[in-house]
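Here's input_7.txt, which has compact mmCIF, C-alpha atoms and all ligand atoms:
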```
# COMPACT_ATOMS: atom_id res chain seq x y z
CA MET A 1 22.56 -3.84 -11.79
CA ASN A 2 21.74 -7.05 -13.55
CA PHE A 3 20.09 -9.93 -11.66
CA THR A 4 22.84 -12.36 -12.63
CA GLN A 5 25.20 -10.47 -10.30
CA PHE A 6 23.28 -11.65 -7.24
CA ASN A 7 24.38 -15.28 -7.79
CA LEU A 8 20.86 -16.53 -7.21
CA ASP A 9 19.95 -20.14 -7.89
CA SER A 10 19.67 -20.58 -11.65
CA ARG A 11 16.05 -21.78 -11.34
CA LEU A 12 15.09 -18.29 -10.18
CA MET A 13 16.44 -16.61 -13.29
CA GLN A 14 13.55 -18.10 -15.30
CA GLY A 15 11.01 -16.45 -13.03
CA ILE A 16 12.84 -13.13 -13.11
CA GLN A 17 12.86 -13.23 -16.87
CA LYS A 18 9.17 -14.16 -17.02
CA ALA A 19 8.34 -11.27 -14.70
CA GLY A 20 10.06 -9.02 -17.20
CA TYR A 21 12.60 -7.60 -14.73
CA GLU A 22 15.75 -6.54 -16.53
CA THR A 23 17.66 -4.52 -13.99
CA ALA A 24 17.26 -4.53 -10.23
CA THR A 25 15.55 -1.54 -8.61
CA PRO A 26 17.60 0.38 -6.00
CA ILE A 27 15.99 -1.42 -3.05
CA GLN A 28 16.64 -4.78 -4.68
CA GLU A 29 20.24 -3.82 -5.29
CA ALA A 30 20.68 -2.90 -1.65
CA ALA A 31 18.58 -5.60 0.01
CA ILE A 32 19.13 -8.80 -2.01
CA PRO A 33 22.87 -9.30 -1.38
CA ALA A 34 22.49 -8.59 2.36
CA ALA A 35 19.43 -10.81 2.66
CA VAL A 36 21.08 -13.64 0.76
CA ARG A 37 23.96 -13.45 3.26
CA GLY A 38 21.37 -13.98 6.00
CA ARG A 39 21.37 -10.47 7.46
CA ASP A 40 18.34 -9.02 9.21
CA ILE A 41 17.01 -6.07 7.26
CA ILE A 42 14.99 -2.96 8.01
CA GLY A 43 13.76 -1.45 4.78
CA THR A 44 12.21 1.97 4.61
CA ALA A 45 10.46 1.60 1.32
CA GLN A 46 7.15 2.66 -0.06
CA THR A 47 5.23 0.41 -2.41
CA GLY A 48 6.20 0.77 -6.03
CA THR A 49 9.92 0.46 -5.33
CA GLY A 50 10.12 -3.27 -6.04
CA LYS A 51 10.36 -4.19 -2.37
CA THR A 52 8.30 -7.38 -2.69
CA ALA A 53 10.81 -9.03 -4.99
CA ALA A 54 13.58 -7.67 -2.72
CA PHE A 55 12.46 -10.04 0.03
CA VAL A 56 10.87 -12.78 -2.08
CA LEU A 57 14.00 -13.57 -4.10
CA PRO A 58 16.27 -14.13 -1.06
CA ILE A 59 13.55 -16.31 0.51
CA LEU A 60 13.20 -18.46 -2.60
CA ASN A 61 16.97 -18.70 -2.93
CA LYS A 62 17.36 -19.95 0.63
CA LEU A 63 14.53 -22.46 0.36
CA LEU A 64 15.97 -23.84 -2.87
CA THR A 65 19.56 -24.10 -1.76
CA THR A 66 19.32 -25.25 1.85
CA GLY A 67 17.19 -27.29 4.22
CA GLN A 68 14.18 -29.48 3.86
CA ARG A 69 10.95 -29.21 1.86
CA HIS A 70 7.26 -29.58 2.64
CA THR A 71 7.21 -27.65 5.89
CA PRO A 72 6.64 -23.91 6.40
CA ARG A 73 10.06 -22.25 6.47
CA ALA A 74 9.25 -18.68 5.48
CA LEU A 75 6.50 -16.51 6.93
CA ILE A 76 5.44 -13.17 5.48
CA VAL A 77 3.06 -11.14 7.62
CA THR A 78 1.14 -8.37 5.92
CA PRO A 79 -1.81 -6.13 6.87
CA THR A 80 -4.44 -6.82 4.20
CA ARG A 81 -5.78 -9.71 2.18
CA GLU A 82 -5.21 -7.85 -1.06
CA LEU A 83 -1.58 -7.33 -0.18
CA ALA A 84 -1.23 -10.99 0.81
CA GLU A 85 -2.58 -12.06 -2.58
CA GLN A 86 -0.32 -9.61 -4.34
CA ILE A 87 2.77 -10.89 -2.56
CA ASN A 88 1.69 -14.43 -3.33
CA ASP A 89 1.38 -13.51 -7.02
CA VAL A 90 4.98 -12.29 -6.98
CA ILE A 91 6.06 -15.53 -5.24
CA ARG A 92 4.23 -17.64 -7.83
CA GLN A 93 5.72 -15.67 -10.68
CA LEU A 94 9.29 -15.76 -9.40
CA SER A 95 9.14 -19.40 -8.26
CA ALA A 96 7.65 -20.65 -11.53
CA GLY A 97 10.76 -22.70 -12.31
CA THR A 98 10.76 -24.42 -8.91
CA LYS A 99 8.54 -26.79 -6.98
CA LEU A 100 8.21 -24.46 -3.99
CA ARG A 101 4.69 -23.92 -2.72
CA SER A 102 3.08 -21.00 -0.96
CA VAL A 103 -0.24 -20.39 0.78
CA THR A 104 -2.15 -17.24 1.68
CA ILE A 105 -3.87 -17.13 5.03
CA TYR A 106 -6.41 -14.48 5.95
CA GLY A 107 -9.88 -14.14 7.42
CA GLY A 108 -13.19 -13.48 5.66
CA VAL A 109 -12.92 -16.67 3.62
CA GLY A 110 -13.14 -20.35 4.57
CA ALA A 111 -10.16 -21.77 6.45
CA ASN A 112 -10.32 -25.26 4.93
CA PRO A 113 -8.45 -24.59 1.67
CA GLN A 114 -5.76 -22.83 3.71
CA ILE A 115 -5.50 -25.77 6.10
CA THR A 116 -5.31 -28.18 3.15
CA ALA A 117 -2.52 -26.14 1.51
CA LEU A 118 -0.60 -26.22 4.79
CA ARG A 119 -1.13 -29.96 5.07
CA ASN A 120 0.07 -30.41 1.50
CA GLY A 121 3.42 -28.99 2.50
CA ALA A 122 3.57 -25.30 1.58
CA GLU A 123 7.00 -23.89 2.36
CA ILE A 124 5.97 -20.23 2.33
CA ILE A 125 3.09 -18.68 4.27
CA VAL A 126 1.80 -15.21 3.39
CA ALA A 127 -0.60 -14.21 6.13
CA CYS A 128 -2.64 -11.53 7.81
CA PRO A 129 -2.18 -11.68 11.58
CA GLY A 130 -5.64 -12.69 12.92
CA ARG A 131 -6.33 -15.86 10.93
CA LEU A 132 -2.71 -16.93 11.19
CA LEU A 133 -2.90 -16.82 14.99
CA ASP A 134 -6.10 -18.91 14.83
CA LEU A 135 -4.43 -21.54 12.66
CA ILE A 136 -1.35 -21.57 14.89
CA ALA A 137 -3.55 -22.07 17.97
CA GLN A 138 -5.40 -24.92 16.24
CA GLY A 139 -2.12 -26.59 15.33
CA HIS A 140 -2.61 -26.23 11.58
CA ALA A 141 0.13 -23.68 10.97
CA LYS A 142 3.40 -24.99 12.38
CA MET A 143 5.96 -22.36 13.24
CA LYS A 144 8.80 -24.55 14.50
CA ASP A 145 10.69 -24.65 11.19
CA ILE A 146 10.29 -20.98 10.26
CA GLU A 147 13.70 -19.64 9.29
CA ILE A 148 12.73 -16.36 7.65
CA LEU A 149 10.16 -13.91 8.96
CA VAL A 150 9.08 -10.86 6.95
CA LEU A 151 6.99 -8.11 8.52
CA ASP A 152 5.67 -6.11 5.59
CA GLU A 153 4.08 -2.64 5.84
CA ALA A 154 4.70 -2.61 9.58
CA ASP A 155 3.38 0.96 9.94
CA ARG A 156 0.09 -0.10 8.32
CA MET A 157 -0.18 -3.03 10.71
CA PHE A 158 0.34 -0.57 13.55
CA ASP A 159 -2.32 1.82 12.15
CA MET A 160 -4.76 -1.06 11.90
CA GLY A 161 -4.14 -2.16 15.49
CA PHE A 162 -2.35 -5.40 14.58
CA LEU A 163 0.88 -4.90 16.51
CA PRO A 164 -0.18 -6.99 19.55
CA ASP A 165 -0.98 -9.86 17.16
CA VAL A 166 2.30 -9.34 15.33
CA ARG A 167 4.18 -9.55 18.64
CA ARG A 168 2.43 -12.86 19.37
CA ILE A 169 3.49 -14.16 15.98
CA VAL A 170 7.09 -13.07 16.56
CA LYS A 171 7.00 -15.03 19.82
CA ALA A 172 5.61 -18.09 18.06
CA VAL A 173 8.46 -18.41 15.55
CA PRO A 174 11.92 -19.72 16.50
CA GLU A 175 14.32 -17.18 17.92
CA LYS A 176 17.03 -18.34 15.56
CA ARG A 177 15.79 -16.91 12.30
CA GLN A 178 16.33 -14.17 9.74
CA THR A 179 13.93 -11.24 10.03
CA MET A 180 13.17 -8.55 7.48
CA MET A 181 10.90 -5.64 8.23
CA PHE A 182 9.56 -3.11 5.75
CA SER A 183 7.75 0.07 6.59
CA ALA A 184 7.23 3.39 4.82
CA THR A 185 7.36 5.25 8.13
CA PHE A 186 8.60 4.47 11.64
CA PRO A 187 6.27 5.56 14.41
CA ALA A 188 7.60 4.83 17.94
CA ASP A 189 5.70 1.53 18.32
CA VAL A 190 7.13 0.24 15.06
CA GLU A 191 10.64 1.26 16.15
CA LEU A 192 10.08 -0.70 19.35
CA LEU A 193 8.89 -3.75 17.44
CA ALA A 194 11.98 -3.51 15.24
CA ALA A 195 14.24 -3.36 18.30
CA GLN A 196 12.55 -6.47 19.70
CA ALA A 197 12.26 -8.54 16.54
CA LEU A 198 15.48 -7.81 14.63
CA LYS A 199 19.14 -8.47 15.37
CA GLN A 200 21.72 -5.95 14.17
CA PRO A 201 19.70 -5.22 11.07
CA GLN A 202 21.12 -3.68 7.96
CA LYS A 203 19.20 -0.47 7.36
CA ILE A 204 18.09 0.24 3.85
CA ALA A 205 16.25 3.48 3.15
CA MET A 206 14.62 4.06 -0.19
CA GLY A 207 12.28 6.72 -1.38
CA ILE A 208 11.08 7.77 2.01
CA SER A 209 11.49 11.49 1.74
CA ARG A 210 9.43 12.08 -1.35
CA PRO A 211 6.73 10.39 -3.38
CA ALA A 212 7.85 8.56 -6.52
CA TYR A 213 9.52 11.04 -8.84
CA THR A 214 7.69 9.69 -11.83
CA VAL A 215 4.45 11.25 -10.59
CA THR A 216 3.27 14.77 -11.38
CA HIS A 217 1.12 16.38 -8.72
CA ALA A 218 -1.64 18.93 -9.15
CA LEU A 219 -4.07 20.53 -6.73
CA TYR A 220 -7.56 21.50 -7.83
CA PRO A 221 -8.98 24.07 -5.43
CA VAL A 222 -12.77 23.73 -5.32
CA PRO A 223 -15.62 24.59 -2.95
CA PRO A 224 -16.69 21.41 -1.08
CA HIS A 225 -20.12 21.27 -2.70
CA LEU A 226 -18.60 21.25 -6.20
CA LYS A 227 -16.19 18.38 -5.66
CA SER A 228 -18.31 15.79 -7.46
CA PRO A 229 -19.12 17.96 -10.50
CA LEU A 230 -15.44 18.85 -10.79
CA LEU A 231 -14.40 15.21 -10.49
CA LEU A 232 -16.82 14.19 -13.25
CA GLU A 233 -15.54 16.99 -15.45
CA LEU A 234 -11.95 15.92 -14.81
CA LEU A 235 -12.81 12.34 -15.74
CA LYS A 236 -14.46 13.54 -18.95
CA ARG A 237 -11.61 15.75 -20.01
CA THR A 238 -8.56 13.78 -18.97
CA ASP A 239 -7.03 11.11 -21.09
CA THR A 240 -6.83 8.32 -18.54
CA ASP A 241 -5.97 4.66 -18.56
CA SER A 242 -7.14 3.53 -15.22
CA VAL A 243 -8.02 5.85 -12.38
CA LEU A 244 -7.96 5.18 -8.66
CA ILE A 245 -10.02 7.67 -6.66
CA PHE A 246 -9.64 7.98 -2.91
CA THR A 247 -12.28 9.17 -0.48
CA ARG A 248 -11.96 9.56 3.25
CA THR A 249 -14.88 7.33 4.27
CA LYS A 250 -16.64 4.18 3.09
CA TYR A 251 -19.87 6.14 2.78
CA ARG A 252 -18.27 8.68 0.50
CA ALA A 253 -16.60 5.95 -1.59
CA GLN A 254 -20.02 4.43 -2.19
CA LYS A 255 -21.65 7.77 -2.93
CA VAL A 256 -18.93 8.98 -5.30
CA SER A 257 -18.87 5.70 -7.22
CA GLN A 258 -22.63 5.95 -7.71
CA GLN A 259 -22.28 9.51 -9.02
CA ILE A 260 -19.60 8.36 -11.46
CA LEU A 261 -21.76 5.44 -12.57
CA ARG A 262 -24.72 7.76 -13.18
CA ALA A 263 -22.47 9.94 -15.34
CA GLY A 264 -21.96 6.94 -17.63
CA PHE A 265 -18.51 5.67 -16.61
CA LYS A 266 -17.57 2.08 -15.82
CA VAL A 267 -16.66 2.17 -12.18
CA THR A 268 -16.27 -0.10 -9.18
CA SER A 269 -15.51 0.50 -5.53
CA LEU A 270 -13.32 -1.03 -2.84
CA HIS A 271 -14.09 -0.33 0.78
CA GLY A 272 -14.73 -2.02 4.08
CA ASP A 273 -18.50 -2.28 3.66
CA ARG A 274 -18.08 -4.64 0.72
CA SER A 275 -17.82 -8.39 1.19
CA GLN A 276 -14.61 -10.25 0.46
CA GLY A 277 -16.16 -11.57 -2.78
CA GLN A 278 -17.17 -8.07 -3.88
CA ARG A 279 -13.72 -6.74 -3.06
CA GLN A 280 -12.05 -9.48 -5.05
CA SER A 281 -14.26 -8.95 -8.07
CA ALA A 282 -13.81 -5.15 -7.85
CA LEU A 283 -10.07 -5.59 -7.84
CA LYS A 284 -10.16 -8.10 -10.67
CA GLY A 285 -12.39 -5.82 -12.76
CA PHE A 286 -10.09 -2.89 -12.11
CA LYS A 287 -6.96 -4.86 -12.95
CA ASP A 288 -8.31 -6.34 -16.17
CA GLY A 289 -9.77 -3.03 -17.36
CA THR A 290 -13.47 -3.98 -17.11
CA HIS A 291 -13.83 -1.10 -14.66
CA PRO A 292 -11.22 1.49 -15.54
CA ILE A 293 -12.23 3.59 -12.53
CA MET A 294 -12.18 2.44 -8.91
CA VAL A 295 -13.18 4.46 -5.87
CA ALA A 296 -11.53 3.28 -2.68
CA THR A 297 -10.78 4.10 0.92
CA ASP A 298 -7.20 4.06 2.20
CA ILE A 299 -7.52 0.87 4.20
CA ALA A 300 -9.13 -1.12 1.40
CA ALA A 301 -6.56 0.03 -1.14
CA ARG A 302 -3.50 -0.39 1.06
CA GLY A 303 -0.49 -1.58 -0.86
CA LEU A 304 -2.48 -2.33 -4.02
CA ASP A 305 -0.30 -3.15 -6.95
CA VAL A 306 -2.09 -2.52 -10.19
CA GLU A 307 0.33 -2.16 -13.03
CA SER A 308 -1.19 0.51 -15.19
CA ILE A 309 -2.80 3.11 -12.96
CA SER A 310 -2.44 6.34 -14.90
CA HIS A 311 -4.13 8.63 -12.40
CA VAL A 312 -4.71 8.79 -8.70
CA ILE A 313 -7.37 11.32 -7.74
CA ASN A 314 -7.78 12.33 -4.14
CA TYR A 315 -11.44 13.26 -3.88
CA ASP A 316 -10.61 14.04 -0.27
CA MET A 317 -7.20 15.15 0.91
CA PRO A 318 -5.80 12.39 3.13
CA ASP A 319 -5.33 13.10 6.82
CA THR A 320 -1.58 12.66 6.87
CA ALA A 321 1.29 13.23 4.49
CA ASP A 322 2.11 9.57 4.99
CA ALA A 323 -1.29 8.57 3.61
CA TYR A 324 -0.75 10.89 0.64
CA ILE A 325 2.53 9.15 -0.19
CA HIS A 326 0.88 5.75 0.10
CA ARG A 327 -1.99 6.72 -2.16
CA ILE A 328 0.24 8.27 -4.75
CA GLY A 329 2.49 5.21 -4.61
CA ARG A 330 -0.19 3.45 -6.69
CA THR A 331 0.72 5.42 -9.79
CA GLY A 332 4.07 6.08 -11.41
CA ARG A 333 5.25 2.64 -10.29
CA ALA A 334 8.54 1.15 -11.32
CA GLN A 335 9.59 4.07 -13.50
CA ARG A 336 6.23 4.53 -15.20
CA THR A 337 4.77 8.02 -15.19
CA GLY A 338 1.50 8.92 -13.54
CA ASP A 339 -0.55 11.88 -12.48
CA ALA A 340 -1.91 12.67 -9.06
CA PHE A 341 -4.80 15.11 -8.75
CA THR A 342 -6.05 16.30 -5.39
CA LEU A 343 -9.29 18.21 -4.94
CA VAL A 344 -8.63 20.72 -2.20
CA THR A 345 -10.84 22.97 -0.14
CA ASP A 346 -10.00 25.72 2.33
CA GLU A 347 -9.81 23.07 5.06
CA ASP A 348 -6.80 21.49 3.42
CA LYS A 349 -4.42 24.44 3.64
CA ASP A 350 -2.32 23.02 6.47
CA MET A 351 -1.90 19.67 4.79
CA ILE A 352 -0.91 21.35 1.51
CA ARG A 353 1.78 23.28 3.37
CA ILE A 354 3.11 20.03 4.85
CA LEU A 355 3.13 18.28 1.48
CA GLU A 356 4.92 21.18 -0.17
CA ARG A 357 7.54 21.15 2.55
CA ILE A 358 8.15 17.45 1.91
CA MET A 359 8.31 17.88 -1.82
CA GLY A 360 10.59 20.84 -1.52
CA GLY A 361 8.47 23.25 -3.55
CA ALA A 362 5.02 24.49 -4.47
CA ILE A 363 2.57 22.00 -5.94
CA LYS A 364 0.89 23.48 -8.96
CA ARG A 365 -2.70 24.66 -8.65
CA GLU A 366 -4.98 23.96 -11.57
CA THR A 367 -8.32 25.37 -12.56
CA LEU A 368 -10.49 23.66 -15.09
CA GLU A 369 -11.29 26.04 -17.88
CA GLY A 370 -14.98 26.54 -18.50
CA PHE A 371 -15.98 24.84 -15.24
CA ASP A 372 -18.38 27.03 -13.28
CA TYR A 373 -16.78 27.36 -9.86
CA THR A 374 -19.55 29.76 -8.79
CA THR A 375 -22.48 27.38 -9.12
CA ALA A 376 -24.77 27.28 -6.09
CA ALA A 377 -22.08 28.52 -3.77
CA PRO A 378 -23.06 28.18 -0.13
CA PRO A 379 -23.72 31.46 1.68
CA ARG A 380 -20.51 32.94 3.03
CA SER A 381 -20.11 33.53 6.70
CA PRO A 382 -18.44 36.83 7.54
CA ASN A 383 -16.55 35.21 10.50
CA ALA A 384 -14.59 32.43 8.98
CA SER A 385 -13.10 31.43 5.68
CA ARG A 386 -15.25 28.30 5.82
CA GLY A 387 -18.37 29.56 7.53
CA ARG A 388 -19.33 27.42 10.49
CA GLY A 389 -22.90 27.37 9.36
CA ALA A 390 -22.07 26.66 5.76
CA PRO A 391 -23.73 23.55 4.44
CA ARG A 392 -21.44 20.55 4.20
CA GLU A 393 -21.54 18.40 1.18
CA ASP A 394 -21.49 15.33 3.34
CA SER A 395 -23.05 15.74 6.73
CA ARG A 396 -21.86 12.28 7.79
CA ARG A 397 -18.26 13.15 7.31
CA PRO A 398 -16.38 12.70 10.57
CA PRO A 399 -14.49 15.71 11.92
CA ARG A 400 -10.91 15.66 10.82
CA PRO A 401 -8.13 16.56 13.22
CA ALA A 402 -6.04 19.45 12.00
CA PRO A 403 -2.62 18.26 10.92
CA THR A 404 -0.14 19.14 13.61
CA PRO A 405 3.63 19.31 13.74
CA LYS A 406 3.35 16.11 15.80
CA SER A 407 1.77 14.19 12.96
CA TYR A 408 4.46 15.51 10.68
CA GLY A 409 7.07 14.23 13.10
CA ARG A 410 5.35 10.89 13.45
CA ASN A 411 5.32 10.44 9.73
CA ARG A 412 9.03 10.83 9.62
CA LEU A 413 8.91 12.30 6.20
CA ALA A 414 11.19 15.15 7.04
CA PRO A 415 14.90 14.60 6.63
CA ARG A 416 15.97 12.57 9.61
CA LYS A 417 18.90 12.42 11.87
CA SER A 418 20.61 9.08 11.67
CA ARG A 419 18.89 6.40 13.63
P1 LIG B 1 6.39 -3.44 -5.19
O1 LIG B 1 7.12 -2.23 -4.68
O2 LIG B 1 6.97 -4.70 -4.71
O3 LIG B 1 4.90 -3.32 -4.91
O4 LIG B 1 6.57 -3.49 -6.78
C1 LIG B 1 6.04 -2.53 -7.64
C2 LIG B 1 6.02 -2.98 -9.10
O5 LIG B 1 7.33 -2.99 -9.65
C3 LIG B 1 5.44 -4.35 -9.33
O6 LIG B 1 4.49 -4.24 -10.38
C4 LIG B 1 6.61 -5.20 -9.78
O7 LIG B 1 6.23 -6.18 -10.72
C5 LIG B 1 7.53 -4.18 -10.42
N1 LIG B 1 8.95 -4.53 -10.29
C6 LIG B 1 9.58 -5.04 -9.21
N2 LIG B 1 10.89 -5.21 -9.46
C7 LIG B 1 11.11 -4.81 -10.73
C8 LIG B 1 12.27 -4.75 -11.57
N3 LIG B 1 13.48 -5.11 -11.15
N4 LIG B 1 12.09 -4.28 -12.82
C9 LIG B 1 10.89 -3.89 -13.26
N5 LIG B 1 9.74 -3.92 -12.51
C10 LIG B 1 9.86 -4.37 -11.27
```

Mind converting the file's structure to structure tokens?
Amino acid sequence: MNFTQFNLDSRLMQGIQKAGYETATPIQEAAIPAAVRGRDIIGTAQTGTGKTAAFVLPILNKLLTTGQRHTPRALIVTPTRELAEQINDVIRQLSAGTKLRSVTIYGGVGANPQITALRNGAEIIVACPGRLLDLIAQGHAKMKDIEILVLDEADRMFDMGFLPDVRRIVKAVPEKRQTMMFSATFPADVELLAAQALKQPQKIAMGISRPAYTVTHALYPVPPHLKSPLLLELLKRTDTDSVLIFTRTKYRAQKVSQQILRAGFKVTSLHGDRSQGQRQSALKGFKDGTHPIMVATDIAARGLDVESISHVINYDMPDTADAYIHRIGRTGRAQRTGDAFTLVTDEDKDMIRILERIMGGAIKRETLEGFDYTTAAPPRSPNASRGRGAPREDSRRPPRPAPTPKSYGRNRLAPRKSR
């Protein structure tokens, strides 16, 4: 479907053209007409589907065609600063032909520029919950004219413990409003929030059951102590553009990035132990190609939109299928192809079974030819497949709960009954 069919204000067509969008993605096709008509929307969409423009375009259209200027009229609430900046980039790009203004609001940086942007009359606020509540309490962020509220990545906000703050924000905006909520999964608390915050929403489900089809998946079975050597070998042998590597902990992200650096690669890292400035420069370096490899934790990399990620490598298998889908959503975006490699150990068998069930078939196992999988193998215990006394590569690694049918159910990745 072509964007002209949405009857959007002509000033928006410039931005759409500049962004290089030719045809609407399926979520845009489903969401934009309903949102332009003023309907509440619940979108089940993972990142990489074009969901940001699906809510940004209807917002811009409404602000351009109705109501007053120079007061906040649209509020987008999102879990991380990186995501807030990314959404704001899309707003800037698509609103280039208009005089609409937007501001990002999040903690970890000075509040003054944010307060100034609000005072200067920004119409759109893109915010993380904590700082926004501060600025509301101090009277800097005025909620009385908010007409459109977007709750983005609601499941992530729940995971990060933000739902109480989000409920406060929902209470702070006028009851008469349009609300759009996007979430890749719907745990019970998010369902409840949806029931409270939305009115007769149109439900739009996209790409929930499987990761993006443009991604090829491969598992690399490896003993835990050989993960790093195997990773380095993979990096040497694979023709990559930019590679995003996930580890389970901040400590491991730091350690793995140092190992990669020592092997002579240009690498950066993104995790919670880095300052906001370091995170911003890591992201910038990764986006502009200065550091073609970035090692990150799930939280730090949530929702990242980097256009040309060719490979996602899971140094550690994520704890839930949901997290796997989110990680893999960073590659193969918007019809591009990408590869996802996961280093797997005996511990990961249950999660592999879950992933294969979701993907409807076996994921291929790969072995790297010439790589010595027998090097310095830890002594085998006769009692267990992964001997209890066997040395761990990372003694600081927290114990991981075994994936259970409950977590599978919570992730809602199985085919669902109608809601
Ligand atoms: P999102 O799911 O919003 O994170 O978007 C993922 C990527 O798809 C971003 O890099 C967008 O610029 C891109 N994108 C969004 N809509 C379109 C479209 N209609 N055509 C091509 N690319 C798009």

Shortest interatomic distance to Thr49 (chain A) - which of A:Gly370, A:Gly67, A:Gly329, A:Gly161, counting all atoms listed in the file: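 Of A:Gly370, A:Gly67, A:Gly329, A:Gly161, the one nearest Thr49 (chain A), counting all atoms listed in the file, is A:Gly329.
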
8 Å shell around ligand LIG 1 (chain B) using only C-alpha atoms and all ligand atoms, listed as an mmCIF file with C-alpha atoms, in the coordinates of the input:
```cif
data_model
loop_
_atom_site.group_PDB
_atom_site.id
_atom_site.type_symbol
_atom_site.label_atom_id
_atom_site.label_comp_id
_atom_site.auth_asym_id
_atom_site.auth_seq_id
_atom_site.Cartn_x
_atom_site.Cartn_y
_atom_site.Cartn_z
ATOM 1 C CA ALA A 19 8.340 -11.270 -14.700
ATOM 2 C CA GLY A 20 10.060 -9.020 -17.200
ATOM 3 C CA TYR A 21 12.600 -7.600 -14.730
ATOM 4 C CA GLU A 22 15.750 -6.540 -16.530
ATOM 5 C CA THR A 23 17.660 -4.520 -13.990
ATOM 6 C CA ALA A 24 17.260 -4.530 -10.230
ATOM 7 C CA THR A 25 15.550 -1.540 -8.610
ATOM 8 C CA GLN A 28 16.640 -4.780 -4.680
ATOM 9 C CA ALA A 45 10.460 1.600 1.320
ATOM 10 C CA GLN A 46 7.150 2.660 -0.060
ATOM 11 C CA THR A 47 5.230 0.410 -2.410
ATOM 12 C CA GLY A 48 6.200 0.770 -6.030
ATOM 13 C CA THR A 49 9.920 0.460 -5.330
ATOM 14 C CA GLY A 50 10.120 -3.270 -6.040
ATOM 15 C CA LYS A 51 10.360 -4.190 -2.370
ATOM 16 C CA THR A 52 8.300 -7.380 -2.690
ATOM 17 C CA ALA A 53 10.810 -9.030 -4.990
ATOM 18 C CA ALA A 54 13.580 -7.670 -2.720
ATOM 19 C CA ILE A 87 2.770 -10.890 -2.560
ATOM 20 C CA VAL A 90 4.980 -12.290 -6.980
ATOM 21 C CA GLY A 303 -0.490 -1.580 -0.860
ATOM 22 C CA LEU A 304 -2.480 -2.330 -4.020
ATOM 23 C CA ASP A 305 -0.300 -3.150 -6.950
ATOM 24 C CA VAL A 306 -2.090 -2.520 -10.190
ATOM 25 C CA GLU A 307 0.330 -2.160 -13.030
ATOM 26 C CA ARG A 333 5.250 2.640 -10.290
ATOM 27 C CA ALA A 334 8.540 1.150 -11.320
#
```

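Of the residues under consideration (A:Ala376, A:Ala301, A:Ala321, A:Ala127), A:Ala127 shows the shortest atom-to-atom contact distance to Asn88 (chain A) when counting all atoms listed in the file.
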
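Remark: residues at most 6 Å from position (5.9, 1.2, 6.6) in file coordinates are Glu153, Ala154, Asp155, Phe182, Ser183, Ala184 and Thr185 of chain A, using all atoms listed in the file.
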
C-alpha atoms of the current selection, written as a PDB file, in the coordinates of the input:
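Output file again10.pdb follows:
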```
ATOM      1  CA  GLU A 153       4.080  -2.640   5.840  1.00  0.00           C
ATOM      2  CA  ALA A 154       4.700  -2.610   9.580  1.00  0.00           C
ATOM      3  CA  ASP A 155       3.380   0.960   9.940  1.00  0.00           C
ATOM      4  CA  PHE A 182       9.560  -3.110   5.750  1.00  0.00           C
ATOM      5  CA  SER A 183       7.750   0.070   6.590  1.00  0.00           C
ATOM      6  CA  ALA A 184       7.230   3.390   4.820  1.00  0.00           C
ATOM      7  CA  THR A 185       7.360   5.250   8.130  1.00  0.00           C
TER       8      THR A 185
END
```

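In this model, the gap between CA of Leu355 (chain A) and CA of Leu244 (chain A) comes to 19.9 Å.
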
Test item: residues at most 8 Å from Gly43 (chain A), all atoms listed in the file, excluding those fewer than 3 positions along its chain, as an NGL selection string: :A and (31 or 180-183 or 203-206)

Pick from A:Ile148, A:Ile115, A:Ala340, A:Met13, whichever lies nearest to Leu135 (chain A) using all atoms listed in the file: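 Of A:Ile148, A:Ile115, A:Ala340, A:Met13, the one nearest Leu135 (chain A), counting all atoms listed in the file, is A:Ile115.
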
For Asp288 (chain A): contacts at 12 Å, all atoms listed in the file, fewer than 4 positions along chain excluded, given as a list in words: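 Once the nearby chain positions are removed, what remains is Asp241, Ser242, Ser281, Ala282, Leu283, Lys284, Pro292, Ile293, Val306, Glu307, Ser308 and Ile309 of chain A.
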
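Nearest residue to Lys171 (chain A) among A:Leu192, A:Leu261, A:Ala197, A:Val150 is A:Ala197, counting only C-alpha atoms.
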
Exercise: residues within 12 Å of coordinate (-6.7, 22.8, 1.7), counting only C-alpha atoms, as number ranges by chain: A: 219-224, 316-319, 342-356, 365, 385-386, 402-403

For CA of Leu231 (chain A) and CA of Gln278 (chain A), the interatomic separation in Å (one decimal): 24.4 Å

Point-to-point distance from CA of Phe371 (chain A) to CA of Ile260 (chain A), Å rounded to tenths: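 Computed distance, CA of Phe371 (chain A) to CA of Ile260 (chain A), equals 17.3 Å.
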
Residue nearest Lys142 (chain A) - candidates A:Pro129, A:Pro201, A:Pro72, A:Gly264, atoms counted: all atoms listed in the file: A:Pro72

Among listed residues A:Leu235, A:Val166, A:Met143, A:Met294, nearest Thr268 (chain A) (using all atoms listed in the file): A:Met294

Sorted by chain and rising residue number, which residues of region 39-103 of chain A lie within 12 Å of region 156-160 of chain A, and what are their closest atom pairs and distances in Å to one decimal, counting all atoms listed in the file, as a tab-separated table?
```
residue	atom	partner	partner_atom	distance
A:Gln46	CA	A:Arg156	CA	11.3
A:Thr47	CA	A:Arg156	CA	11.9
A:Val77	CA	A:Met157	CA	9.3
A:Thr78	CA	A:Met157	CA	7.3
A:Pro79	CA	A:Met157	CA	5.2
A:Thr80	CA	A:Met157	CA	8.7
A:Leu83	CA	A:Arg156	CA	11.3
```

For the selection you just gave me, I'd like the residues written to a file as a compact mmCIF listing (two decimals), keeping the file's coordinate frame, keeping C-alpha atoms.
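Writing done, so here's part_6.txt:
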```
# COMPACT_ATOMS: atom_id res chain seq x y z
CA GLN A 46 7.15 2.66 -0.06
CA THR A 47 5.23 0.41 -2.41
CA VAL A 77 3.06 -11.14 7.62
CA THR A 78 1.14 -8.37 5.92
CA PRO A 79 -1.81 -6.13 6.87
CA THR A 80 -4.44 -6.82 4.20
CA LEU A 83 -1.58 -7.33 -0.18
```
